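Peer 1: Below is one structure. I have some questions about it.
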Amino acid sequence: MVKAVSPSPITPFKNAFMKIMKFGGTSVGKPERMHQVAQLVTRDESEPRIVVLSALSGTTNTLVSIGDALSNGDRETARTTISKLEAHYHSFIDSLLQKQESREKARGLMAEHFEFLGVILRISFNDALSKDILAQGELMSTKLFSVYLEESGIRHELLPALEFMSIDAYEEPHVEEIRGRLMPILDRHPDVGLFVTQGYICRNARGEVDNLKRGGSDYTASLVAAAAEASVCEIWTDIDGMHNNDPRIVGKTFPIERLSFDEAAELAYFGAKILHPASIWPAQRYGIPVRLLNTMEPEAKGTWISGEAGSKGVKAIAAKDGIVEVRIKSSRMLLAYGFLRKIFEVFEKYRTPIDMITTSEVAVSLTIDNVANLDAIVRELQPFGDTEVTRGQAIVAIVGNEIAQTKDMLSRLFQAMEPVPVRMVSYGGSAHNVSLLVPEDRKAETLRLLNKGLFGLD
Ligand code: ASP
Ligand code: MG
């Protein structure tokens, strides 16, 4: 008798049923780029895809300036800026679309947004309204892309981000909540392979239109990737991945093939402009690899960010300026406990994150970049000791895997830094970071010296 062999159950790979592809402003900023995005999102149809789009490049800046003009009571400037923006969208439509009927459709869709901006000119301006203005960019880019897909006969569904993206009263998003709203929407379209949605925009705890802060479309992409348990979160930009140093400042740089989430988070936070720093945590917590890819060079390897670092040693240098150093000096700190707690509580009270910290027996130096409450913070620190504030500093972060244990690293680092006055050094906080505080006007020089000293590049 032949024994019936039951087929072994296929354990579906939990994450292999959805891919997120996010395209930034420059990737959709010209009609021909948008055509190319349509090609990129349809070339591999083995998985359903959610495409997250930014506003066309320049649009969010323009919307910010409209809001600024209105808040200054300058309606005339706001009006002319709106008309210029509208003209830009009209010429964009003419090159994006071929058929007369799709052009008319797109113009009609854009008209709704420009009518809304026209209404705003006539009513009294407030903060909630400014968020509504900012949301127009992503709403328009996704609609234009959708009309183009339709004209090209590409089946897709437009997902309204305002129906599933949200932040709480502290402006924090929650993956489970987003999932709870997103999944039922996706389930309504079981046979659709391509979804398009807006980056950046969301609803806040009061149900109003809000956003995830400038550059927040990356954050949308990773939150959606976490919510949909995606196989990968692809961030498409106009550079071939994260580079070992700032290409705008140093001559020679190269893309980094692999980074761990921790390394990528440090680099993004400390100034690598390619990725919004908050976009790492959802991917990391839900174990979703992030790929940084280049729209202009789709075959380039880009950067792969996952739980594994890939290699040891120094990987990259990034710098962030606009840093303020706060130094609290007190002999009462000597042998006292509870001193640091009291200092940290002041920063906590004013919701001001601390980036770097170093201590000696009689002083604490720390850095912040959010100066909104600096005066109040200094007033409350004064009773603990002499408090000194130095503005105009830059943090230079040297990031890699186990760099602290890498042979010669520190000696090469300090040798390279010899000409620059270093105000603070933070080393040992994690195995993948050494941070230096230098005057802002020495930042470029520091990046160049380290490029030579650590990578042997000019
Ligand atoms: N359009 C928004 C901005 O320019 C969000 C983004 O592009 O990530 O900040
Ligand atoms: Mg961006």
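By order of appearance in the structure tokens: chains A, B, ..., then residues from 1 within every chain, and ligands from 1 in the order shown.
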Mind checking which residues fall within 8 Å of region 254-271 of chain A, counting only C-alpha atoms, ignoring those fewer than 5 positions away in the same chain, and posting them as a PyMOL selection string?

Peer 2: chain A and resi 240-245+276-278+280-281+284+301-311+315-320+395-397+399-401+432-433

Peer 1: Can you work out which residues are within 9 Å of ligand 2, considering only C-alpha atoms and all ligand atoms, and then hand them over as number ranges by chain?

Peer 2: A: 23-25, 54, 214-218, 237, 273-276

Peer 1: Name each residue within 12 Å of ligand 1, counting only C-alpha atoms and all ligand atoms, as a ChimeraX atom specification.

Peer 2: /A:22-29,52-64,131,133-142,198-202,210-222,235-237,273-279

Peer 1: Would you mind writing down, as a list in words, each residue of region 369-422 of chain A that DSSP on the backbone assigns to strand (DSSP E or B)?

Peer 2: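 Filtering region 369-422 of chain A to strand (DSSP E or B) leaves Asp386, Thr387, Glu388, Val389, Thr390, Arg391, Gly392, Gln393, Ala394, Ile395, Val396, Ala397, Ile398, Val399, Gly400 and Asn401 of chain A.
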
Peer 1: So that I can see what lies close to Asn126 (chain A), please list as a PyMOL selection string the residues with an atom at most 9 Å from it, counting only C-alpha atoms and leaving out residues fewer than 3 positions away in the same chain.

Peer 2: chain A and resi 71+129-130

Peer 1: Just to be explicit: take each residue in the selection above, keep N, CA, C and O atoms, and write the result as a PDB file, in the first residue's frame.

Peer 2:
ATOM      1  N   SER A  71       0.427  84.266   7.946  1.00  0.00           N
ATOM      2  CA  SER A  71       0.520  84.524   9.381  1.00  0.00           C
ATOM      3  C   SER A  71       1.086  85.921   9.640  1.00  0.00           C
ATOM      4  O   SER A  71       0.871  86.498  10.693  1.00  0.00           O
ATOM      5  N   LEU A 129      -4.907  75.552  10.384  1.00  0.00           N
ATOM      6  CA  LEU A 129      -5.055  75.838   8.967  1.00  0.00           C
ATOM      7  C   LEU A 129      -3.699  75.699   8.243  1.00  0.00           C
ATOM      8  O   LEU A 129      -3.645  75.247   7.098  1.00  0.00           O
ATOM      9  N   SER A 130      -2.640  76.070   8.937  1.00  0.00           N
ATOM     10  CA  SER A 130      -1.321  75.981   8.291  1.00  0.00           C
ATOM     11  C   SER A 130      -0.993  74.517   7.980  1.00  0.00           C
ATOM     12  O   SER A 130      -0.368  74.205   6.966  1.00  0.00           O
TER      13      SER A 130
END

Peer 1: Excluding Ala111 (chain A) and its own-chain neighbours fewer than 4 positions away, which residues fall within 10 Å of it when counting only C-alpha atoms? Please give them as a VMD selection string.

Peer 2: chain A and resid 86 89 to 90 105 to 107 115 to 117 140

Peer 1: Could you check which of A:Lys252, A:Arg43, A:Arg122, A:Arg379 is closest to Arg79 (chain A), using only C-alpha atoms?

Peer 2: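 Nearest candidate to Arg79 (chain A) out of A:Lys252, A:Arg43, A:Arg122, A:Arg379: A:Arg122.
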
Peer 1: Between A:Ile328, A:Pro48, A:His35, A:Asn373, single out the one closest to His189 (chain A), counting only C-alpha atoms.

Peer 2: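 Nearest candidate to His189 (chain A) out of A:Ile328, A:Pro48, A:His35, A:Asn373: A:Pro48.
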
Peer 1: Write out as a PyMOL selection string which residues come within 12 Å of Ile93 (chain A) when counting only C-alpha atoms, dropping same-chain ones fewer than 2 positions away.

Peer 2: chain A and resi 29-32+34-35+86-91+95-110+140-141+143-145+147-148

Peer 1: Could you dump the residues just selected with C-alpha atoms as a CSV table (one decimal), in the first residue's frame?

Peer 2:
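Contents of the output file out32.csv:
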chain,number,residue,atom,x,y,z
A,29,GLY,CA,9.5,66.6,-9.2
A,30,LYS,CA,9.6,66.5,-13.0
A,31,PRO,CA,7.0,64.9,-15.3
A,32,GLU,CA,9.7,62.6,-16.8
A,34,MET,CA,7.2,60.6,-12.5
A,35,HIS,CA,7.0,58.5,-15.7
A,86,GLU,CA,-0.9,76.8,-9.9
A,87,ALA,CA,0.8,77.7,-13.1
A,88,HIS,CA,3.6,75.3,-12.3
A,89,TYR,CA,1.1,72.5,-11.8
A,90,HIS,CA,-0.6,73.3,-15.1
A,91,SER,CA,2.6,73.0,-17.1
A,95,SER,CA,4.0,67.3,-20.0
A,96,LEU,CA,3.0,64.5,-17.6
A,97,LEU,CA,-0.2,63.5,-19.6
A,98,GLN,CA,-0.8,62.9,-23.2
A,99,LYS,CA,-4.6,62.6,-23.6
A,100,GLN,CA,-6.8,65.6,-23.5
A,101,GLU,CA,-9.3,63.9,-21.2
A,102,SER,CA,-6.7,63.0,-18.6
A,103,ARG,CA,-5.3,66.5,-18.7
A,104,GLU,CA,-8.7,67.9,-18.0
A,105,LYS,CA,-9.3,65.4,-15.2
A,106,ALA,CA,-5.9,66.3,-13.6
A,107,ARG,CA,-6.7,70.0,-14.0
A,108,GLY,CA,-10.1,69.5,-12.3
A,109,LEU,CA,-8.5,67.6,-9.4
A,110,MET,CA,-5.8,70.3,-8.9
A,140,MET,CA,-1.7,66.7,-5.3
A,141,SER,CA,1.3,64.6,-6.2
A,143,LYS,CA,-3.5,62.4,-7.5
A,144,LEU,CA,-1.3,63.4,-10.5
A,145,PHE,CA,0.5,60.1,-10.3
A,147,VAL,CA,-4.1,60.0,-13.2
A,148,TYR,CA,-0.9,59.2,-15.0

Peer 1: Between A:Asp321, A:Glu345, A:Asp369, A:Asp246, which one has atoms that come closest to Ala394 (chain A), using only C-alpha atoms?

Peer 2: A:Asp321
